[in-house]
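Student: Got target-v2.cif for you, mmCIF, C-alpha atoms:
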```cif
data_data
loop_
_atom_site.label_atom_id
_atom_site.label_comp_id
_atom_site.auth_asym_id
_atom_site.auth_seq_id
_atom_site.Cartn_x
_atom_site.Cartn_y
_atom_site.Cartn_z
CA MET A 1 12.87 6.24 -17.99
CA LEU A 2 14.42 2.76 -18.09
CA SER A 3 17.60 3.79 -16.26
CA ALA A 4 15.50 5.21 -13.39
CA ALA A 5 13.38 2.04 -13.43
CA TRP A 6 16.50 -0.11 -13.20
CA LEU A 7 17.78 2.04 -10.32
CA ILE A 8 14.58 1.38 -8.37
CA ALA A 9 14.63 -2.32 -9.28
CA ARG A 10 18.24 -2.63 -8.13
CA LYS A 11 17.38 -0.97 -4.82
CA ASP A 12 14.47 -3.39 -4.26
CA LEU A 13 16.63 -6.38 -5.14
CA SER A 14 19.40 -5.16 -2.80
CA ILE A 15 16.89 -4.96 0.05
CA GLU A 16 15.54 -8.42 -0.76
CA PHE A 17 19.07 -9.84 -1.08
CA ARG A 18 19.92 -8.32 2.30
CA THR A 19 16.81 -9.59 4.11
CA ARG A 20 15.83 -12.61 1.96
CA THR A 21 12.52 -12.80 3.84
CA ALA A 22 10.13 -12.83 0.89
CA PHE A 23 12.37 -14.96 -1.31
CA LEU A 24 12.80 -17.69 1.29
CA SER A 25 9.06 -17.61 2.07
CA ALA A 26 8.20 -17.94 -1.62
CA VAL A 27 10.68 -20.79 -2.23
CA VAL A 28 9.54 -22.71 0.87
CA PHE A 29 5.91 -22.15 -0.11
CA ALA A 30 6.58 -23.42 -3.65
CA LEU A 31 8.42 -26.52 -2.44
CA LEU A 32 5.80 -27.29 0.21
CA GLY A 33 3.10 -26.92 -2.43
CA LEU A 34 4.92 -29.42 -4.65
CA VAL A 35 5.27 -31.91 -1.80
CA ILE A 36 1.62 -31.63 -0.74
CA PHE A 37 0.40 -32.07 -4.32
CA TYR A 38 2.76 -35.03 -4.69
CA PHE A 39 1.40 -36.85 -1.66
CA ALA A 40 -2.20 -36.04 -2.56
CA TRP A 41 -1.68 -37.40 -6.08
CA ASP A 42 -3.07 -40.77 -7.16
CA PRO A 43 -0.84 -41.86 -10.10
CA THR A 44 -3.34 -44.52 -11.15
CA ALA A 45 -6.06 -41.91 -11.69
CA VAL A 46 -4.14 -38.94 -13.10
CA THR A 47 -0.96 -39.00 -15.16
CA THR A 48 1.97 -36.74 -14.34
CA ASN A 49 1.55 -34.91 -17.64
CA ASP A 50 -2.03 -34.02 -16.69
CA LEU A 51 -1.22 -33.01 -13.13
CA ALA A 52 2.14 -31.21 -13.43
CA PRO A 53 0.99 -28.13 -15.42
CA GLY A 54 -1.72 -27.42 -12.86
CA VAL A 55 0.68 -27.86 -9.94
CA LEU A 56 3.30 -25.67 -11.61
CA TRP A 57 0.95 -22.76 -12.26
CA VAL A 58 -0.77 -22.94 -8.88
CA ILE A 59 2.54 -22.65 -7.02
CA PHE A 60 3.78 -20.10 -9.56
CA THR A 61 0.78 -17.85 -8.94
CA PHE A 62 0.67 -18.06 -5.15
CA SER A 63 4.42 -17.92 -4.50
CA GLY A 64 4.54 -14.90 -6.82
CA LEU A 65 1.89 -13.16 -4.71
CA LEU A 66 4.21 -13.34 -1.69
CA GLY A 67 6.83 -11.32 -3.56
CA LEU A 68 4.28 -8.92 -5.00
CA HIS A 69 2.94 -8.07 -1.57
CA ARG A 70 6.47 -7.29 -0.34
CA SER A 71 7.08 -5.00 -3.32
CA PHE A 72 5.33 -1.93 -1.89
CA GLY A 73 5.43 -3.22 1.68
CA VAL A 74 9.12 -2.21 1.94
CA GLU A 75 8.13 1.34 1.05
CA LEU A 76 5.65 1.62 3.91
CA ALA A 77 7.96 1.47 6.94
CA ASP A 78 8.96 5.12 7.04
CA HIS A 79 7.08 6.46 4.03
CA ALA A 80 10.12 5.70 1.87
CA ILE A 81 7.91 5.84 -1.22
CA ASP A 82 7.44 9.59 -0.61
CA GLY A 83 11.17 10.04 -1.10
CA ILE A 84 10.90 8.43 -4.54
CA LEU A 85 7.68 10.21 -5.51
CA ALA A 86 9.12 13.61 -4.50
CA SER A 87 12.13 13.03 -6.77
CA PRO A 88 12.13 13.94 -10.47
CA VAL A 89 11.75 10.28 -11.46
CA THR A 90 8.49 9.73 -13.34
CA ARG A 91 5.69 7.64 -11.82
CA GLU A 92 5.93 5.31 -14.82
CA SER A 93 9.61 4.64 -14.01
CA VAL A 94 8.66 3.82 -10.43
CA PHE A 95 6.11 1.28 -11.66
CA LEU A 96 8.48 -0.28 -14.18
CA GLY A 97 11.24 -0.47 -11.56
CA LYS A 98 8.97 -2.26 -9.12
CA ALA A 99 7.69 -4.57 -11.88
CA ILE A 100 11.24 -5.45 -13.03
CA ALA A 101 12.28 -6.29 -9.45
CA ASN A 102 9.15 -8.43 -9.06
CA LEU A 103 9.81 -10.17 -12.38
CA ILE A 104 13.35 -11.09 -11.32
CA PHE A 105 11.98 -12.27 -7.96
CA VAL A 106 9.31 -14.49 -9.57
CA VAL A 107 11.70 -15.92 -12.17
CA ALA A 108 14.28 -16.67 -9.44
CA VAL A 109 11.65 -18.59 -7.46
CA GLN A 110 10.71 -20.50 -10.61
CA LEU A 111 14.33 -21.40 -11.30
CA ILE A 112 14.17 -23.40 -8.08
CA ALA A 113 10.56 -24.58 -8.32
CA ILE A 114 10.63 -25.90 -11.92
CA PRO A 115 13.63 -28.26 -11.43
CA ALA A 116 12.00 -29.45 -8.19
CA LEU A 117 8.77 -30.16 -10.12
CA VAL A 118 10.71 -32.07 -12.79
CA ILE A 119 12.40 -34.23 -10.14
CA PHE A 120 9.25 -34.86 -8.08
CA TYR A 121 7.06 -35.80 -11.03
CA ASN A 122 9.79 -37.36 -13.14
CA LEU A 123 8.86 -35.19 -16.10
CA PRO A 124 10.32 -35.81 -19.55
CA LEU A 125 11.72 -32.27 -19.80
CA GLY A 126 14.42 -32.94 -22.43
CA THR A 127 13.78 -30.82 -25.52
CA VAL A 128 10.89 -28.83 -24.01
CA ALA A 129 13.03 -27.10 -21.37
CA GLY A 130 13.66 -24.06 -23.57
CA PRO A 131 10.04 -23.46 -24.66
CA LEU A 132 8.86 -24.12 -21.09
CA LEU A 133 11.25 -21.49 -19.75
CA ALA A 134 10.04 -19.03 -22.40
CA ILE A 135 6.42 -19.66 -21.37
CA ALA A 136 7.35 -19.20 -17.69
CA ILE A 137 8.99 -15.86 -18.44
CA LEU A 138 6.09 -14.65 -20.61
CA ALA A 139 3.60 -15.60 -17.91
CA ALA A 140 5.78 -13.98 -15.24
CA ILE A 141 5.81 -10.66 -17.16
CA GLY A 142 1.99 -10.51 -17.25
CA LEU A 143 1.60 -11.64 -13.63
CA THR A 144 4.11 -9.14 -12.28
CA ALA A 145 2.67 -6.24 -14.29
CA VAL A 146 -0.84 -6.84 -12.94
CA GLY A 147 0.38 -7.84 -9.48
CA THR A 148 2.61 -4.78 -9.10
CA LEU A 149 -0.27 -2.44 -9.92
CA PHE A 150 -2.62 -4.11 -7.45
CA SER A 151 0.12 -4.29 -4.83
CA ALA A 152 0.44 -0.48 -5.09
CA MET A 153 -3.33 -0.13 -4.71
CA ALA A 154 -3.68 -2.58 -1.82
CA VAL A 155 -0.62 -1.68 0.24
CA ASN A 156 -2.20 1.20 2.15
CA THR A 157 -5.30 -0.73 3.09
CA ARG A 158 -5.79 -2.56 6.37
CA LEU A 159 -6.43 -5.91 4.63
CA ALA A 160 -3.63 -5.69 2.06
CA GLU A 161 -2.71 -9.40 2.32
CA LEU A 162 -6.32 -10.33 1.52
CA LEU A 163 -7.04 -7.59 -0.96
CA LEU A 164 -4.06 -8.19 -3.24
CA PRO A 165 -5.01 -11.78 -4.23
CA MET A 166 -8.70 -10.83 -4.45
CA LEU A 167 -7.92 -8.02 -6.88
CA ALA A 168 -5.15 -9.69 -8.82
CA LEU A 169 -6.30 -13.32 -9.23
CA PRO A 170 -9.17 -12.60 -11.66
CA PHE A 171 -6.68 -10.80 -13.90
CA PHE A 172 -4.22 -13.70 -13.59
CA VAL A 173 -6.78 -16.15 -15.01
CA PRO A 174 -6.17 -15.57 -18.75
CA ILE A 175 -2.40 -15.74 -18.23
CA VAL A 176 -2.57 -18.89 -16.13
CA ILE A 177 -4.92 -20.58 -18.64
CA GLY A 178 -2.60 -19.76 -21.53
CA ALA A 179 0.51 -20.86 -19.66
CA ALA A 180 -1.05 -24.06 -18.27
CA GLN A 181 -2.43 -25.10 -21.68
CA ALA A 182 0.91 -24.48 -23.38
CA THR A 183 2.77 -26.38 -20.64
CA ALA A 184 0.36 -29.34 -20.86
CA LYS A 185 0.86 -29.64 -24.62
CA LEU A 186 4.64 -29.43 -24.31
CA LEU A 187 4.76 -32.06 -21.57
CA ALA A 188 2.47 -34.30 -23.63
CA GLY A 189 5.16 -34.30 -26.32
CA ARG A 190 3.27 -32.12 -28.78
CA PRO A 191 5.44 -30.11 -31.19
CA VAL A 192 6.27 -26.53 -30.23
CA VAL A 193 4.29 -25.15 -33.20
CA GLU A 194 1.11 -26.45 -31.58
CA VAL A 195 1.57 -24.12 -28.62
CA GLY A 196 2.20 -21.13 -30.88
CA ALA A 197 -1.33 -19.81 -30.39
CA TRP A 198 -1.01 -19.91 -26.59
CA ILE A 199 2.36 -18.18 -26.77
CA LYS A 200 0.86 -15.45 -28.97
CA LEU A 201 -1.92 -15.06 -26.41
CA LEU A 202 0.63 -14.65 -23.61
CA VAL A 203 2.60 -12.10 -25.63
CA ALA A 204 -0.60 -10.16 -26.35
CA PHE A 205 -1.59 -10.16 -22.66
CA ASP A 206 1.91 -9.04 -21.68
CA ILE A 207 1.83 -6.09 -24.08
CA ILE A 208 -1.66 -5.05 -22.98
CA PHE A 209 -1.08 -5.50 -19.23
CA VAL A 210 2.36 -3.87 -19.13
CA ALA A 211 1.13 -0.85 -21.11
CA ALA A 212 -2.18 -0.51 -19.24
CA CYS A 213 -0.65 -0.96 -15.78
CA THR A 214 2.16 1.51 -16.50
CA VAL A 215 -0.39 4.11 -17.55
CA ALA A 216 -2.70 3.33 -14.61
CA TYR A 217 -0.05 3.36 -11.86
CA PRO A 218 0.29 7.19 -11.52
CA PHE A 219 -3.41 7.36 -10.58
CA THR A 220 -2.83 5.02 -7.62
CA VAL A 221 -0.28 7.37 -6.00
CA GLU A 222 -1.95 10.72 -6.58
CA ASP A 223 -4.14 11.99 -3.74
CA MET B 1 1.64 19.67 -2.53
CA LEU B 2 4.76 21.82 -3.10
CA ALA B 3 6.86 18.65 -2.95
CA GLY B 4 4.75 17.07 -5.69
CA LEU B 5 3.17 14.42 -3.46
CA LEU B 6 -0.37 15.82 -3.55
CA LYS B 7 -2.34 16.99 -6.52
CA PRO B 8 -3.56 20.60 -6.23
CA THR B 9 -7.34 20.92 -6.32
CA SER B 10 -7.60 24.71 -6.37
CA GLY B 11 -5.45 27.82 -6.24
CA SER B 12 -2.04 28.18 -7.79
CA ALA B 13 1.59 27.96 -6.72
CA ARG B 14 4.94 28.22 -8.45
CA ILE B 15 8.28 26.59 -7.71
CA SER B 16 11.13 28.61 -9.24
CA GLY B 17 8.63 30.01 -11.72
CA ILE B 18 7.20 26.60 -12.62
CA GLN B 19 3.43 26.40 -12.21
CA LEU B 20 2.31 23.43 -10.10
CA PRO B 21 1.80 20.60 -10.73
CA GLY B 22 5.12 21.03 -12.45
CA GLY B 23 6.13 17.38 -12.75
CA SER B 24 9.76 16.30 -12.72
CA LEU B 25 11.12 19.81 -13.37
CA ALA B 26 9.54 21.26 -10.23
CA ARG B 27 10.28 18.21 -8.07
CA ALA B 28 13.99 18.32 -8.99
CA ARG B 29 14.25 21.76 -7.34
CA VAL B 30 12.76 20.74 -3.99
CA GLY B 31 14.34 19.03 -0.99
CA LEU B 32 11.85 17.48 1.42
CA ILE B 33 12.44 16.84 5.12
CA SER B 34 9.51 15.19 6.81
CA HIS B 35 8.85 13.71 10.23
CA HIS B 36 9.00 10.40 8.36
CA THR B 37 12.62 9.62 7.56
CA MET B 38 11.82 8.11 4.12
CA LEU B 39 14.75 5.71 4.59
CA TYR B 40 15.06 1.97 3.94
CA ASP B 41 16.08 0.37 7.20
CA ALA B 42 17.80 -2.61 5.54
CA LEU B 43 20.15 -0.27 3.66
CA THR B 44 23.00 1.78 5.10
CA PRO B 45 23.01 5.61 5.25
CA ARG B 46 25.54 5.62 2.40
CA GLU B 47 23.25 3.44 0.24
CA ASN B 48 20.11 5.43 1.13
CA VAL B 49 21.65 8.79 0.33
CA SER B 50 23.44 7.49 -2.81
CA PHE B 51 20.12 6.07 -4.00
CA ALA B 52 18.49 9.48 -3.51
CA ALA B 53 21.37 11.17 -5.35
CA ARG B 54 20.90 8.80 -8.29
CA LEU B 55 17.16 9.50 -8.34
CA TYR B 56 18.06 13.17 -8.89
CA GLY B 57 20.50 12.24 -11.66
CA ILE B 58 23.55 13.49 -9.78
CA LYS B 59 26.96 12.63 -11.18
CA GLN B 60 29.30 10.97 -8.67
CA PRO B 61 26.38 10.08 -6.36
CA ARG B 62 28.55 8.19 -3.90
CA GLU B 63 30.87 11.14 -3.30
CA ARG B 64 27.97 13.56 -2.98
CA ALA B 65 26.24 11.20 -0.54
CA GLU B 66 29.38 11.01 1.58
CA ASP B 67 29.66 14.78 1.54
CA ALA B 68 26.02 15.17 2.65
CA LEU B 69 26.54 12.66 5.47
CA ARG B 70 29.66 14.52 6.61
CA ARG B 71 27.74 17.80 6.70
CA MET B 72 25.20 16.20 9.01
CA SER B 73 28.01 14.71 11.17
CA ILE B 74 26.83 11.13 10.59
CA PHE B 75 29.53 9.92 8.21
CA ASP B 76 31.11 7.70 10.89
CA ARG B 77 27.94 5.53 10.77
CA ALA B 78 27.71 5.53 6.97
CA ASP B 79 27.97 1.74 6.68
CA ALA B 80 25.68 0.65 9.51
CA PRO B 81 22.18 -0.48 8.54
CA VAL B 82 19.70 2.33 9.21
CA ARG B 83 17.64 0.07 11.48
CA LEU B 84 20.55 0.01 13.95
CA LEU B 85 20.71 3.82 14.23
CA SER B 86 18.93 5.87 16.88
CA ARG B 87 15.96 8.03 15.89
CA GLY B 88 18.14 11.15 15.99
CA MET B 89 20.80 9.58 13.76
CA GLN B 90 18.11 8.44 11.31
CA GLN B 91 16.83 12.02 11.19
CA ARG B 92 20.34 13.24 10.34
CA VAL B 93 20.54 10.71 7.49
CA SER B 94 17.09 11.78 6.34
CA ILE B 95 18.24 15.42 6.22
CA ALA B 96 21.39 14.42 4.31
CA ARG B 97 19.10 12.57 1.89
CA ALA B 98 16.97 15.67 1.35
CA MET B 99 19.99 17.92 0.78
CA VAL B 100 22.14 15.68 -1.40
CA HIS B 101 20.95 17.25 -4.66
CA GLU B 102 21.42 20.83 -3.34
CA PRO B 103 17.79 21.87 -3.81
CA GLN B 104 16.73 25.43 -4.57
CA ILE B 105 13.84 25.12 -2.14
CA VAL B 106 13.85 23.12 1.10
CA LEU B 107 10.55 22.11 2.65
CA ALA B 108 11.17 21.04 6.23
CA ASP B 109 8.37 19.67 8.38
CA GLU B 110 9.57 19.59 12.01
CA PRO B 111 13.20 19.06 10.96
CA TYR B 112 14.49 19.28 14.54
CA SER B 113 12.24 16.44 15.67
CA GLY B 114 14.31 13.66 17.24
CA LEU B 115 17.64 15.48 16.86
CA ASP B 116 20.00 15.75 19.81
CA ASP B 117 21.94 18.99 20.49
CA SER B 118 24.76 18.10 18.15
CA GLY B 119 22.35 17.12 15.36
CA ALA B 120 20.32 20.30 15.85
CA ARG B 121 23.51 22.40 15.63
CA ALA B 122 24.58 20.57 12.44
CA LEU B 123 21.14 21.18 10.93
CA THR B 124 21.08 24.87 11.87
CA SER B 125 24.56 25.33 10.43
CA LEU B 126 23.54 23.53 7.21
CA LEU B 127 20.36 25.61 6.87
CA ARG B 128 22.37 28.83 7.38
CA GLU B 129 24.80 27.72 4.65
CA LEU B 130 21.88 27.06 2.32
CA LEU B 131 20.30 30.43 3.12
CA SER B 132 23.51 32.26 2.39
CA ALA B 133 23.75 30.33 -0.91
CA GLY B 134 20.30 31.67 -1.89
CA THR B 135 18.21 28.59 -1.10
CA SER B 136 14.60 29.25 -0.05
CA ILE B 137 13.61 27.34 3.07
CA VAL B 138 10.12 26.74 4.41
CA ILE B 139 10.19 25.33 7.93
CA VAL B 140 7.11 24.08 9.75
CA THR B 141 7.95 23.92 13.44
CA HIS B 142 6.64 24.25 16.96
CA ASN B 143 10.18 25.12 18.06
CA LEU B 144 9.87 28.90 17.84
CA ALA B 145 13.42 29.69 18.93
CA GLU B 146 15.01 27.56 16.21
CA GLY B 147 12.49 28.69 13.61
CA LEU B 148 12.82 32.41 14.34
CA SER B 149 16.62 32.25 14.47
CA LEU B 150 16.63 31.36 10.76
CA ALA B 151 13.48 33.04 9.50
CA THR B 152 13.11 36.07 7.27
CA HIS B 153 9.33 35.75 7.59
CA ALA B 154 7.14 33.90 10.09
CA ALA B 155 3.53 32.81 9.79
CA VAL B 156 1.12 31.13 12.17
CA MET B 157 -1.15 28.67 10.46
CA GLN B 158 -4.47 27.64 11.91
CA ARG B 159 -6.65 25.07 10.15
CA GLY B 160 -4.83 25.51 6.85
CA LYS B 161 -4.97 29.33 6.85
CA PHE B 162 -2.45 31.97 7.89
CA VAL B 163 -3.76 33.81 10.95
CA ARG B 164 -0.53 35.85 11.23
CA TYR B 165 2.19 36.68 8.77
CA ASP B 166 5.09 38.95 9.73
CA SER B 167 8.48 39.93 8.49
CA ALA B 168 11.20 38.76 10.90
CA GLU B 169 12.33 42.37 11.40
CA ARG B 170 8.96 43.14 12.99
CA ILE B 171 9.10 40.18 15.33
CA ASP B 172 10.41 40.37 18.86
CA ALA B 173 11.55 36.80 19.46
CA GLY B 174 11.00 37.16 23.22
CA SER B 175 7.30 38.02 22.99
CA TYR B 176 6.43 36.02 19.86
CA ALA B 177 5.71 32.84 21.86
CA GLY B 178 2.83 34.63 23.58
CA THR B 179 1.59 36.05 20.26
CA TYR B 180 1.78 32.56 18.75
CA ARG B 181 -0.27 31.03 21.58
CA GLU B 182 -2.84 33.84 21.38
CA ALA B 183 -3.21 33.41 17.63
CA LEU B 184 -3.81 29.70 18.07
CA ALA B 185 -6.27 30.29 20.93
CA VAL B 186 -8.30 32.79 18.87
CA GLY B 187 -8.37 30.35 15.99
CA GLY B 188 -9.86 27.77 18.36
#
```
Let me see the file written as C-alpha cells.

Tutor:
Amino acid sequence: MLSAAWLIARKDLSIEFRTRTAFLSAVVFALLGLVIFYFAWDPTAVTTNDLAPGVLWVIFTFSGLLGLHRSFGVELADHAIDGILASPVTRESVFLGKAIANLIFVVAVQLIAIPALVIFYNLPLGTVAGPLLAIAILAAIGLTAVGTLFSAMAVNTRLAELLLPMLALPFFVPIVIGAAQATAKLLAGRPVVEVGAWIKLLVAFDIIFVAACTVAYPFTVED
Amino acid sequence: MLAGLLKPTSGSARISGIQLPGGSLARARVGLISHHTMLYDALTPRENVSFAARLYGIKQPRERAEDALRRMSIFDRADAPVRLLSRGMQQRVSIARAMVHEPQIVLADEPYSGLDDSGARALTSLLRELLSAGTSIVIVTHNLAEGLSLATHAAVMQRGKFVRYDSAERIDAGSYAGTYREALAVGG
C-alpha cells in the first residue's frame, strides 16, 4: 500500500516541480502575510513572542490550503483520476499518496516561511528550533490529512475554492490551537517538557485524523 | 462499472470470473480507453505511460511504456509534454496507457475519437493483435465500419438497454447502418 502511495506522491510532486504554480503561490502568500502582519504590528502593545505564534499558524493554515486545493485539481483536467481509480491500486493508497505529497508541499513552504518569520520578528529561536520543527511537522500531518480528504470532496463542486476552507477550517481548529499554544510556550522560553501535553494532543489528532480520513476517502470517490 | 469506477446498484457481472465489485483483482485485468485521455498534461507521454505501468505493478515499466508508445506510433514524441501534443496524439498516448499492462479485457469508449488516419490504423492493428491473443474487447462507437470490422458480436444500446444484439456472422455490414438508425428511431 505504501509503495503505491509513494508512487502517487512522487507523480504529484513531479507535476508540482514542473509547474511550480501552487508552490510559488503558497510561498508568496506566506511571505506577504508575514509582511502585512509586521507592518500592522504595534510593538509597544504586543510583544513578538505573543504575536509570532498567531502569525505563524495563520500563514501556515492558509498557505497550506493553496496546496491542498491543487492536490485533486491536477486530476480534473482530463479525468486523470479515473486512470488511477481504474488501476489495481487501493483507494487508501491513493489517499495516502495525495496526503504525503501535500505534507511535503506544506513542510517545504514552512521551511521558507519559518526562517522568514524568525528574521522579521527577531525571534530567539536558538534551542527551540528542533522542538518547533517537530511541532510544525506534527501539525502539518493533521492538516494535510483533513485537507486532502476535503479537497477530494470539494474538487468536483462549482465552488471548490470556497468549499474547501469552509469544510476544512473547523477541523483545523484543534490542531492550530495545539500548535499555537506549544509554539507560544517555546518562544516564551518555557522548557520543552511544558509543551509535552500539547505535543501529545497533536500526536493524538494526527493518529485519529490520518486513520479516519484514510478510511473515509473511498466513500468520496464511489458513485 | 466494469472498469471499477462506479459501484453496481443491482444485477451482476463478472470480469474473468471475478464477481463485481471485484476490487483490485478485477481492475488489474481491465484496460480502459475513454473519450477523456486521463493524462497529466505537465508530464510527457513516457512519464504518463510509465506511471500507469507502475500502478499496475509491471516490472521494467519504462521499457513497457516505450513499447506501448511504439505500438501506437507516438514514440517519437515520448519526451514532449502532453499539453504540447495534438488531440489525436494525446488519444494515441491514452491508448498506449490503457494497453501498457496487457489487459485481458479492453473497454473502449469511442476509441477512434480524435485519431487521424494513421492513428486509427495503429489502433485497429493493435486491437486485432489483442483479439488474436485472446483479449476480450468491448467497443462503444458510432463508427459502425470500424466497430463491425473488429466485432464478433454487435449490439445497439438505447437508454441503457440492448435493443438489438447480433452475432457478427449474421450482420451484413452494408445494411447494418440502416438497421442501426431504425433501432435508434424506434427506441425514440

Student: Quick check, in Å to one decimal: how far apart do atom CA of Ser14 of chain A and atom CA of Ala42 of chain B lie?

Tutor: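 Distance between the two atoms: 8.9 Å.
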
Student: Once you count only C-alpha atoms, which residues of chain A turn out to be within 9 Å of chain B? Could you give them as a ChimeraX atom specification?

Tutor: /A:4,7-8,11,14-16,18-19,74-90,221-223

Student: Would you pick out the contacts of segment 140-154 of chain A at 8 Å or less, using all atoms listed in the file, so that residues sharing its chain but fewer than 6 positions from it are not included, and give the list as number ranges by chain?

Tutor: A: 61, 64-65, 68-69, 71-72, 95, 98-99, 102-103, 106-107, 160, 163-164, 167-168, 171-172, 175, 202, 205-206, 209-210, 213, 216-217, 220-221

Student: Select, from A:Ala22, A:Met1, A:Val94, A:Ala136, the residue with the minimum atom-to-atom distance to Ala180 of chain A, counting all atoms listed in the file.

Tutor: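 Looking only at the distances to Ala180 of chain A, the closest residue turns out to be A:Ala136.
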
Student: Please evaluate the PyMOL selection byres ((chain B and resi 137) around 6) against the displayed coordinates and give the resulting residues as number ranges by chain.

Tutor: B: 105-106, 136, 138

Student: At what distance in Å, to one decimal, does atom CA of Ile135 of chain A lie from atom CA of Val203 of chain A?

Tutor: 9.5 Å

Student: So for segment 94-111 of chain A, what box centre and size do we get, axis-aligned, 3 Å extra on each of the six sides, every listed atom, Å to one decimal, as JSON?

Tutor:
```
{"center_x": 10.2, "center_y": -8.8, "center_z": -10.8, "size_x": 14.2, "size_y": 31.2, "size_z": 12.7}
```
